[in-house]
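Trainee: Below is the file input_31.txt, with compact mmCIF, C-alpha atoms.
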```txt
# COMPACT_ATOMS: atom_id res chain seq x y z
CA MET A 1 112.46 32.83 11.94
CA SER A 2 110.48 30.04 13.59
CA LYS A 3 107.77 30.92 16.02
CA LYS A 4 108.68 30.31 19.66
CA PRO A 5 107.30 26.90 20.67
CA GLU A 6 104.33 26.79 23.01
CA PHE A 7 105.49 23.43 24.38
CA ASP A 8 108.87 21.80 24.94
CA VAL A 9 107.44 18.31 24.33
CA THR A 10 104.33 17.06 22.58
CA VAL A 11 103.35 13.44 23.22
CA ILE A 12 101.07 11.92 20.59
CA GLY A 13 99.05 9.11 22.14
CA ALA A 14 97.64 8.71 25.65
CA GLY A 15 97.69 4.96 25.92
CA VAL A 16 99.56 3.30 28.76
CA VAL A 17 102.95 4.12 27.19
CA GLY A 18 102.05 7.75 26.52
CA LEU A 19 100.78 8.05 30.10
CA SER A 20 103.98 6.54 31.46
CA ILE A 21 106.08 8.99 29.44
CA ALA A 22 103.91 11.89 30.62
CA HIS A 23 104.28 10.62 34.19
CA TYR A 24 108.08 10.80 33.93
CA LEU A 25 107.97 14.14 32.06
CA SER A 26 105.86 15.60 34.88
CA LYS A 27 108.92 15.28 37.12
CA THR A 28 110.93 17.57 34.82
CA LYS A 29 110.63 21.32 34.24
CA LEU A 30 109.59 20.86 30.62
CA SER A 31 106.23 22.10 29.32
CA VAL A 32 104.31 19.10 28.01
CA LEU A 33 101.27 18.63 25.77
CA VAL A 34 99.63 15.21 25.36
CA ILE A 35 97.10 14.72 22.55
CA ASP A 36 94.92 11.72 21.76
CA SER A 37 92.24 11.06 19.16
CA GLU A 38 89.93 9.29 21.63
CA ASP A 39 87.69 10.98 24.22
CA ASN A 40 89.81 9.72 27.12
CA PHE A 41 93.11 8.02 27.83
CA GLY A 42 93.84 4.33 27.25
CA LYS A 43 90.76 3.66 25.13
CA VAL A 44 92.26 1.45 22.40
CA THR A 45 95.05 -1.15 22.69
CA SER A 46 95.77 -0.35 26.34
CA SER A 47 92.27 -1.34 27.46
CA ARG A 48 91.99 -4.45 25.29
CA ASN A 49 94.53 -6.90 26.66
CA SER A 50 94.93 -9.65 29.27
CA GLU A 51 96.13 -7.27 32.04
CA VAL A 52 99.03 -9.64 32.62
CA ILE A 53 102.33 -8.61 34.23
CA HIS A 54 104.79 -10.58 32.14
CA SER A 55 108.24 -11.85 33.08
CA GLY A 56 109.86 -12.00 29.64
CA ILE A 57 109.76 -15.78 29.32
CA PHE A 58 108.45 -15.68 25.75
CA ASN A 59 110.74 -12.89 24.44
CA PRO A 60 114.18 -13.49 22.87
CA GLN A 61 116.93 -12.68 25.35
CA ASN A 62 118.66 -10.16 23.09
CA SER A 63 115.47 -8.26 22.26
CA LEU A 64 114.45 -4.82 23.47
CA LYS A 65 111.12 -6.38 24.45
CA TYR A 66 112.88 -8.71 26.88
CA GLN A 67 115.07 -6.00 28.43
CA LEU A 68 112.17 -3.59 28.96
CA CYS A 69 109.84 -6.35 30.17
CA GLN A 70 112.37 -7.39 32.84
CA ARG A 71 112.87 -3.80 34.03
CA GLY A 72 109.16 -3.00 33.71
CA ASN A 73 108.17 -6.03 35.78
CA GLU A 74 110.19 -4.65 38.68
CA LEU A 75 108.94 -1.07 38.26
CA ILE A 76 105.23 -1.87 37.89
CA TYR A 77 105.03 -3.91 41.09
CA LYS A 78 106.78 -1.10 42.97
CA PHE A 79 104.46 1.55 41.46
CA CYS A 80 101.37 -0.46 42.40
CA ASP A 81 102.59 -0.85 46.00
CA GLU A 82 103.30 2.87 46.30
CA ASN A 83 99.90 3.86 44.86
CA LYS A 84 97.76 1.05 46.34
CA ILE A 85 96.76 -0.30 42.92
CA TRP A 86 95.32 -3.80 42.88
CA TYR A 87 97.54 -6.52 41.50
CA LYS A 88 98.15 -10.17 42.22
CA ASN A 89 101.65 -11.61 41.91
CA CYS A 90 100.01 -14.98 41.27
CA GLY A 91 102.63 -16.66 39.12
CA LYS A 92 102.21 -18.49 35.84
CA ILE A 93 101.93 -22.20 35.00
CA VAL A 94 102.99 -23.23 31.50
CA VAL A 95 101.28 -26.53 30.71
CA SER A 96 102.25 -29.20 28.19
CA LYS A 97 101.41 -32.61 26.78
CA GLU A 98 103.82 -35.54 26.55
CA ARG A 99 103.97 -35.12 22.75
CA GLU A 100 105.43 -31.63 23.30
CA ILE A 101 108.49 -32.82 25.21
CA ASP A 102 111.01 -31.43 22.71
CA ASN A 103 109.39 -27.99 22.83
CA PHE A 104 109.22 -28.27 26.63
CA ASN A 105 112.95 -29.00 26.90
CA SER A 106 113.87 -26.18 24.50
CA PHE A 107 111.74 -23.76 26.50
CA THR A 108 113.32 -24.69 29.84
CA GLU A 109 116.77 -24.29 28.27
CA SER A 110 115.84 -20.76 27.18
CA LEU A 111 114.74 -19.92 30.74
CA ILE A 112 118.05 -21.17 32.13
CA LYS A 113 119.98 -19.00 29.66
CA LYS A 114 117.95 -15.96 30.73
CA GLY A 115 118.50 -16.68 34.41
CA ILE A 116 114.76 -16.83 35.05
CA GLU A 117 113.86 -18.93 38.07
CA PHE A 118 111.31 -21.68 37.51
CA ASP A 119 110.12 -25.02 38.87
CA VAL A 120 109.25 -28.10 36.83
CA LEU A 121 106.04 -29.76 38.02
CA THR A 122 104.77 -33.29 37.46
CA SER A 123 101.15 -33.88 36.48
CA GLU A 124 100.27 -34.56 40.13
CA GLN A 125 102.06 -31.42 41.34
CA SER A 126 100.33 -29.33 38.68
CA SER A 127 96.92 -30.62 39.75
CA LYS A 128 97.73 -29.96 43.38
CA MET A 129 98.67 -26.38 42.56
CA GLU A 130 95.71 -25.82 40.19
CA GLN A 131 93.04 -28.49 40.60
CA HIS A 132 91.23 -27.62 37.36
CA ILE A 133 94.12 -27.95 34.92
CA ILE A 134 95.37 -30.91 32.92
CA SER A 135 99.09 -31.09 32.22
CA ASP A 136 101.57 -33.92 31.78
CA LYS A 137 104.44 -31.65 32.74
CA SER A 138 104.41 -27.97 33.74
CA ILE A 139 106.69 -25.02 34.35
CA TYR A 140 105.93 -22.63 37.18
CA ILE A 141 107.14 -19.01 36.97
CA GLU A 142 106.69 -16.96 40.12
CA SER A 143 107.27 -13.40 38.85
CA SER A 144 104.16 -13.12 36.63
CA GLY A 145 100.89 -11.56 37.75
CA VAL A 146 97.75 -9.63 36.86
CA ILE A 147 96.95 -5.96 37.38
CA ASP A 148 93.97 -3.63 37.32
CA SER A 149 95.26 -1.84 34.22
CA HIS A 150 92.52 0.80 34.29
CA ASP A 151 93.35 1.86 37.84
CA TYR A 152 97.02 1.82 36.88
CA MET A 153 96.35 4.18 33.97
CA ASN A 154 94.13 6.34 36.20
CA HIS A 155 97.04 6.87 38.57
CA LEU A 156 99.49 7.66 35.78
CA PHE A 157 97.02 10.19 34.36
CA ARG A 158 96.31 11.75 37.75
CA ILE A 159 100.01 12.29 38.44
CA ALA A 160 100.82 13.53 34.94
CA SER A 161 97.79 15.84 34.55
CA ASP A 162 98.95 18.02 37.45
CA TYR A 163 101.85 19.17 35.26
CA CYS A 164 100.99 18.21 31.67
CA THR A 165 98.25 19.55 29.36
CA PHE A 166 96.00 16.80 27.96
CA ILE A 167 93.81 17.37 24.90
CA PHE A 168 91.47 14.56 23.83
CA GLN A 169 89.45 14.04 20.64
CA SER A 170 92.26 15.73 18.75
CA ASN A 171 94.22 14.52 15.72
CA ALA A 172 97.55 15.73 14.42
CA ILE A 173 96.54 16.03 10.76
CA GLU A 174 99.77 17.68 9.61
CA ILE A 175 103.23 17.80 11.16
CA LYS A 176 106.08 19.81 9.66
CA LYS A 177 109.64 20.43 10.74
CA ARG A 178 110.35 24.18 10.73
CA LYS A 179 114.02 24.80 11.49
CA ASP A 180 114.30 24.28 15.24
CA VAL A 181 110.62 23.47 15.95
CA TYR A 182 107.86 21.16 14.80
CA GLU A 183 104.59 22.70 13.66
CA LEU A 184 101.48 20.63 14.33
CA GLN A 185 98.07 21.25 12.89
CA ILE A 186 95.63 19.70 15.33
CA GLN A 187 92.01 19.07 14.42
CA ARG A 188 89.78 19.30 17.47
CA LYS A 189 86.40 17.67 18.16
CA ASN A 190 84.48 20.54 16.54
CA LYS A 191 86.66 20.24 13.38
CA GLU A 192 88.46 23.46 14.29
CA ILE A 193 92.12 23.46 13.22
CA GLU A 194 94.63 24.69 15.78
CA THR A 195 98.34 25.16 15.07
CA ILE A 196 100.89 24.68 17.81
CA ASN A 197 104.68 24.69 17.83
CA THR A 198 106.72 22.27 19.87
CA SER A 199 110.45 21.73 20.34
CA SER A 200 110.10 17.96 20.29
CA ILE A 201 107.63 15.20 19.50
CA ILE A 202 107.23 11.80 21.13
CA ASN A 203 105.16 9.61 18.84
CA CYS A 204 103.58 6.75 20.78
CA ALA A 205 100.29 6.60 18.92
CA GLY A 206 99.91 2.82 19.03
CA LEU A 207 98.02 1.55 15.99
CA ASN A 208 98.69 4.87 14.21
CA SER A 209 102.34 5.24 15.24
CA TYR A 210 103.82 4.12 11.92
CA THR A 211 101.45 6.33 9.91
CA ILE A 212 102.37 9.38 11.98
CA ALA A 213 106.10 8.65 11.76
CA LYS A 214 105.80 8.24 7.99
CA LYS A 215 103.86 11.50 7.78
CA ILE A 216 106.74 13.31 9.47
CA MET A 217 109.75 11.50 8.01
CA ASN A 218 108.56 10.11 4.68
CA GLN A 219 111.35 8.04 3.05
CA ASN A 220 113.70 8.75 5.97
CA LEU A 221 111.76 6.24 8.09
CA LYS A 222 113.67 3.08 7.29
CA ILE A 223 111.71 0.33 9.06
CA PRO A 224 109.06 -2.14 7.84
CA SER A 225 105.43 -1.07 8.06
CA LEU A 226 103.28 -2.35 10.91
CA LYS A 227 101.20 -5.50 10.71
CA PHE A 228 98.04 -5.85 12.75
CA TYR A 229 96.70 -8.90 14.58
CA LYS A 230 93.32 -9.17 16.25
CA GLY A 231 92.96 -11.18 19.43
CA SER A 232 89.57 -12.11 20.89
CA TYR A 233 88.67 -13.33 24.37
CA PHE A 234 85.90 -15.56 25.69
CA ALA A 235 84.72 -15.30 29.29
CA LEU A 236 84.07 -18.42 31.35
CA SER A 237 80.71 -18.74 33.10
CA SER A 238 80.20 -17.62 36.69
CA LYS A 239 80.74 -21.15 38.03
CA TRP A 240 84.42 -20.70 37.10
CA ARG A 241 84.81 -17.48 39.10
CA ASN A 242 87.80 -17.73 41.46
CA SER A 243 88.57 -21.23 40.15
CA PHE A 244 92.13 -20.34 39.17
CA ASN A 245 94.79 -18.87 41.43
CA ARG A 246 97.48 -18.60 38.76
CA LEU A 247 97.78 -17.71 35.10
CA VAL A 248 97.81 -20.75 32.81
CA TYR A 249 99.67 -20.67 29.49
CA SER A 250 100.62 -23.16 26.80
CA LEU A 251 104.18 -23.58 25.52
CA PRO A 252 105.54 -20.98 23.05
CA GLN A 253 103.82 -20.99 19.69
CA PRO A 254 105.60 -21.24 16.31
CA ASP A 255 104.33 -17.74 15.45
CA ASP A 256 104.46 -14.51 17.47
CA SER A 257 101.30 -15.23 19.48
CA LEU A 258 101.21 -16.36 23.10
CA GLY A 259 98.51 -18.94 22.52
CA ILE A 260 95.09 -19.06 24.16
CA HIS A 261 95.66 -18.78 27.90
CA ILE A 262 93.72 -18.41 31.16
CA SER A 263 93.72 -15.13 33.03
CA PHE A 264 91.43 -13.39 35.51
CA ASP A 265 90.73 -10.00 37.08
CA SER A 266 90.40 -8.60 40.60
CA THR A 267 86.90 -10.10 40.97
CA GLY A 268 88.07 -13.60 40.00
CA ARG A 269 86.24 -13.41 36.68
CA THR A 270 88.03 -15.76 34.30
CA LYS A 271 88.67 -15.41 30.58
CA ILE A 272 90.55 -17.34 27.92
CA GLY A 273 92.33 -15.88 24.92
CA PRO A 274 93.48 -14.24 22.82
CA ASP A 275 93.53 -15.96 19.47
CA TYR A 276 95.69 -14.60 16.64
CA GLU A 277 94.14 -13.29 13.41
CA LYS A 278 95.85 -11.01 10.92
CA VAL A 279 93.70 -8.01 9.94
CA GLU A 280 94.17 -5.20 7.47
CA ALA A 281 95.02 -1.65 8.52
CA ASN A 282 92.08 0.69 9.08
CA ASN A 283 89.67 -2.24 9.18
CA PHE A 284 89.49 -2.91 12.88
CA ASP A 285 86.29 -4.66 13.89
CA TYR A 286 86.29 -5.29 17.64
CA THR A 287 83.29 -7.61 17.70
CA VAL A 288 84.05 -11.17 18.81
CA ASN A 289 83.06 -13.78 16.26
CA GLU A 290 80.71 -16.20 18.01
CA ASN A 291 81.72 -18.89 15.52
CA SER A 292 85.15 -18.90 17.18
CA GLN A 293 83.66 -20.55 20.26
CA SER A 294 84.41 -24.05 18.90
CA LYS A 295 88.04 -23.14 18.25
CA PHE A 296 88.46 -21.72 21.76
CA PHE A 297 86.71 -24.70 23.36
CA ASP A 298 88.80 -27.25 21.45
CA SER A 299 91.97 -25.50 22.59
CA ALA A 300 90.97 -24.93 26.21
CA LYS A 301 89.40 -28.34 26.94
CA ASP A 302 92.83 -29.93 26.53
CA TYR A 303 94.04 -28.30 29.73
CA ILE A 304 90.87 -27.35 31.69
CA LYS A 305 89.12 -30.27 33.43
CA ASP A 306 85.38 -30.64 32.87
CA LEU A 307 85.09 -27.54 30.69
CA GLN A 308 81.77 -27.46 28.83
CA PHE A 309 81.08 -25.78 25.50
CA ASP A 310 78.36 -23.59 27.03
CA ASP A 311 80.80 -22.29 29.66
CA LEU A 312 82.23 -19.93 27.03
CA THR A 313 80.74 -16.54 26.17
CA PRO A 314 82.15 -13.97 23.69
CA ASP A 315 83.82 -11.20 25.69
CA TYR A 316 86.01 -8.58 23.97
CA SER A 317 88.85 -8.19 21.48
CA GLY A 318 91.86 -6.02 20.75
CA VAL A 319 94.22 -5.30 17.88
CA ARG A 320 97.98 -5.39 18.35
CA PRO A 321 100.45 -3.43 16.23
CA LYS A 322 103.37 -5.71 15.39
CA LEU A 323 106.69 -4.77 13.83
CA PHE A 324 108.67 -7.58 12.21
CA PHE A 325 112.24 -6.75 11.23
CA THR A 326 113.35 -10.18 9.96
CA ASN A 327 110.48 -12.68 9.95
CA ASP A 328 106.97 -13.15 11.33
CA ASN A 329 108.14 -15.29 14.26
CA PHE A 330 109.33 -12.50 16.54
CA SER A 331 108.09 -8.92 16.62
CA GLU A 332 110.13 -6.16 18.23
CA PHE A 333 109.75 -2.67 19.68
CA TYR A 334 111.13 0.29 17.75
CA ILE A 335 112.09 3.12 20.12
CA ASN A 336 114.37 5.64 18.49
CA GLU A 337 115.41 9.30 18.63
CA GLU A 338 115.54 10.18 14.95
CA ASN A 339 118.41 12.71 14.90
CA LYS A 340 120.62 10.45 12.73
CA ASN A 341 117.74 10.12 10.26
CA GLY A 342 117.45 13.90 9.89
CA PHE A 343 114.78 14.61 12.48
CA PRO A 344 116.33 15.78 15.77
CA ASN A 345 114.07 15.91 18.81
CA LEU A 346 111.67 13.35 17.35
CA ILE A 347 111.26 10.07 19.22
CA ASN A 348 109.24 7.30 17.58
CA LEU A 349 107.79 4.35 19.50
CA ILE A 350 106.39 1.87 16.98
CA GLY A 351 105.19 -1.71 17.33
CA ILE A 352 104.53 -1.49 21.05
CA ASP A 353 102.42 -4.60 21.63
CA SER A 354 102.75 -7.23 24.38
CA PRO A 355 104.54 -6.90 26.79
CA GLY A 356 103.86 -3.16 26.41
CA LEU A 357 101.73 -2.91 29.56
CA THR A 358 104.38 -4.62 31.68
CA ALA A 359 107.17 -2.60 30.05
CA SER A 360 105.35 0.75 30.15
CA LEU A 361 107.25 2.30 33.07
CA ALA A 362 110.55 1.00 31.73
CA ILE A 363 109.75 2.57 28.35
CA GLY A 364 108.90 5.89 30.02
CA GLU A 365 112.12 5.71 31.99
CA LEU A 366 114.16 4.98 28.85
CA VAL A 367 112.62 7.83 26.87
CA VAL A 368 112.65 10.53 29.54
CA GLN A 369 115.76 9.68 31.51
CA THR A 370 117.96 8.46 28.65
CA MET A 371 116.78 10.01 25.37
CA ILE A 372 115.35 13.39 26.41
CA PRO A 373 118.55 14.62 28.14
CA LYS A 374 120.47 14.12 24.87
CA MET A 375 118.07 16.33 22.96
CA ASN A 376 118.46 20.06 22.36
CA LEU A 377 115.54 21.41 24.41
```
Could you render the structure from this file as structure tokens?
Mentor:
Amino acid sequence: MSKKPEFDVTVIGAGVVGLSIAHYLSKTKLSVLVIDSEDNFGKVTSSRNSEVIHSGIFNPQNSLKYQLCQRGNELIYKFCDENKIWYKNCGKIVVSKEREIDNFNSFTESLIKKGIEFDVLTSEQSSKMEQHIISDKSIYIESSGVIDSHDYMNHLFRIASDYCTFIFQSNAIEIKKRKDVYELQIQRKNKEIETINTSSIINCAGLNSYTIAKKIMNQNLKIPSLKFYKGSYFALSSKWRNSFNRLVYSLPQPDDSLGIHISFDSTGRTKIGPDYEKVEANNFDYTVNENSQSKFFDSAKDYIKDLQFDDLTPDYSGVRPKLFFTNDNFSEFYINEENKNGFPNLINLIGIDSPGLTASLAIGELVVQTMIPKMNL
């Protein structure tokens, strides 16, 4: 007979998605454990991004990414208002050159199909809106913005930790299904092994999500393995502080990247990035290659007036977990309750990259309000 579970739900991963799920779980009567290998929440992918609130303009209309980005955009603004978290609904300008007219027209057609409101700007109108940018023709999207992602995660953690148990610097080294429970062997900071039983598992371990799912399900996990892409950022010098009032992006790229774009934080500090470099699993070097400065400058000088090479300084980088089901042009989220694959009460969230921050509350809502009630807890 299986040992009675100590927890109804165990969440693996305390990034922004794990925190959102814990936030929603805290409103239920379920007992919840959240474990993370880092010494605090949101230390990896969730703290190494552009802090942009996306509007879904770059995601295919029939994708889960697009649906959750649209819903998440609405929820995150509301959450920030309710909790007095800094954000700026600044809007986004997508710039282009005359030689990109075919791509420009295809992109506007995709926005029309999605029902996303936008304005087309001439070169003069673009310069009037953002005096430092160069663009022959632009698209303005109002619903995009930037957020203080660390304060956002702080609030999610504060709300969730009143009702959920968080354990940091802990790794689930072995996970076994034992009849109606899952048995987890957790290695703590001091190398001590602790065994806990849980009725259900929510795997949202970011870069390690596929590895953990494979550890539990083995050949029953029938999705491609994750691919990893490093993106680095360069900061612009202090003379560029508060120079931009809106996000500035290029047109969609032929791969799954968003191109090198301009974003800023609550202090007006401006950065450009990220680039897009495939890296191997378990070989994540977060240092920014100073030799990339020429590549960043060559890209950015095409749409930033009077930008100088020495205005750029290496800033930070992040690694995104990407899941490609068909080809390397469009990655997709995998969010699935694995009952049909032989593992009831296991929910896997794999390949949660951009727009994961924007979609985080929508993902938590989907998991806790739609998937959890169908489980036998």
Trainee: Calculate how many Å separate atom CA of A:Ile12 from atom CA of A:Val34, rounding to one decimal.
Mentor: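 Spanning atom CA of A:Ile12 to atom CA of A:Val34 is a straight-line distance of 6.0 Å.
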Trainee: Can you tell me, as a VMD selection string, what residues are no more than 8 Å from stretch 226-234 of chain A when counting only C-alpha atoms, ignoring any on the same chain fewer than 3 positions away?
Mentor: chain A and resid 210 271 to 281 288 293 296 312 to 324 351
Trainee: Which residues of stretch 293-375 of chain A come within 12 Å of stretch 95-112 of chain A, and for each one, what is the closest pair of atoms and their distance in Å to one decimal, counting all atoms listed in the file, sorted by chain and residue number, as JSON lines?
Mentor:
```
{"residue": "A:Ala300", "atom": "CA", "partner": "A:Val95", "partner_atom": "CA", "distance": 11.4}
{"residue": "A:Asp302", "atom": "CA", "partner": "A:Lys97", "partner_atom": "CA", "distance": 9.0}
{"residue": "A:Tyr303", "atom": "CA", "partner": "A:Val95", "partner_atom": "CA", "distance": 7.5}
{"residue": "A:Ile304", "atom": "CA", "partner": "A:Val95", "partner_atom": "CA", "distance": 10.5}
```
Trainee: Would you compute, for all listed atoms of stretch 249-256 of chain A, the axis-aligned bounding box grown by 8 Å on each side, and then report its centre and edge lengths in Å rounded to one decimal, as JSON?
Mentor:
```
{"center_x": 102.6, "center_y": -19.0, "center_z": 22.5, "size_x": 21.9, "size_y": 25.1, "size_z": 30.0}
```
Trainee: One decimal, in Å: what's the spacing between atom CA of A:Glu332 and atom CA of A:Thr370?
Mentor: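 These atoms are spaced 19.6 Å apart.
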Trainee: What is the atom CA of A:Ser266-atom CA of A:Val146 distance in Å, reported with one decimal?
Mentor: 8.3 Å
Trainee: Smallest atom-to-atom distance to A:Ser144: which of A:Ile216, A:Thr358, A:Lys179, A:Phe297, using all atoms listed in the file?
Mentor: A:Thr358
Trainee: Between A:Thr198, A:Tyr286, A:Phe325, A:Leu251, which one has atoms that come closest to A:Ser225, using only C-alpha atoms?
Mentor: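 Of A:Thr198, A:Tyr286, A:Phe325, A:Leu251, the one nearest A:Ser225, counting only C-alpha atoms, is A:Phe325.
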Trainee: Counting only C-alpha atoms, select every polymer residue within 12 Å of (112.9, -8.7, 23.9) as defined in the file's coordinates, and provide the selection as a PyMOL selection string.
Mentor: chain A and resi 54-72+114+330-334+352-356+359
Trainee: Output stretch 126-141 of chain A as a tab-separated table (two decimals), keeping the file's coordinate frame, making sure N, CA and C atoms are there.
Mentor:
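So part26.tsv came out as:
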```
chain	number	residue	atom	x	y	z
A	126	SER	N	101.10	-30.36	39.39
A	126	SER	CA	100.33	-29.33	38.68
A	126	SER	C	98.89	-29.32	39.17
A	127	SER	N	98.30	-30.51	39.29
A	127	SER	CA	96.92	-30.62	39.75
A	127	SER	C	96.76	-30.16	41.19
A	128	LYS	N	97.78	-30.40	41.99
A	128	LYS	CA	97.73	-29.96	43.38
A	128	LYS	C	97.78	-28.43	43.46
A	129	MET	N	98.56	-27.83	42.57
A	129	MET	CA	98.67	-26.38	42.56
A	129	MET	C	97.44	-25.72	41.95
A	130	GLU	N	96.92	-26.31	40.86
A	130	GLU	CA	95.71	-25.82	40.19
A	130	GLU	C	94.84	-27.03	39.88
A	131	GLN	N	93.81	-27.25	40.69
A	131	GLN	CA	93.04	-28.49	40.60
A	131	GLN	C	92.26	-28.64	39.30
A	132	HIS	N	92.06	-27.54	38.56
A	132	HIS	CA	91.23	-27.62	37.36
A	132	HIS	C	92.03	-27.78	36.08
A	133	ILE	N	93.36	-27.84	36.16
A	133	ILE	CA	94.12	-27.95	34.92
A	133	ILE	C	94.61	-29.37	34.66
A	134	ILE	N	94.84	-29.63	33.36
A	134	ILE	CA	95.37	-30.91	32.92
A	134	ILE	C	96.73	-30.65	32.27
A	135	SER	N	97.76	-31.29	32.78
A	135	SER	CA	99.09	-31.09	32.22
A	135	SER	C	99.97	-32.29	32.54
A	136	ASP	N	100.66	-32.80	31.53
A	136	ASP	CA	101.57	-33.92	31.78
A	136	ASP	C	102.83	-33.43	32.49
A	137	LYS	N	103.25	-32.24	32.15
A	137	LYS	CA	104.44	-31.65	32.74
A	137	LYS	C	104.31	-30.14	32.64
A	138	SER	N	104.62	-29.42	33.72
A	138	SER	CA	104.41	-27.97	33.74
A	138	SER	C	105.65	-27.23	34.19
A	139	ILE	N	105.65	-25.94	33.88
A	139	ILE	CA	106.69	-25.02	34.35
A	139	ILE	C	106.00	-23.94	35.16
A	140	TYR	N	106.51	-23.68	36.34
A	140	TYR	CA	105.93	-22.63	37.18
A	140	TYR	C	106.89	-21.45	37.27
A	141	ILE	N	106.39	-20.26	36.91
A	141	ILE	CA	107.14	-19.01	36.97
A	141	ILE	C	106.50	-18.12	38.01
```
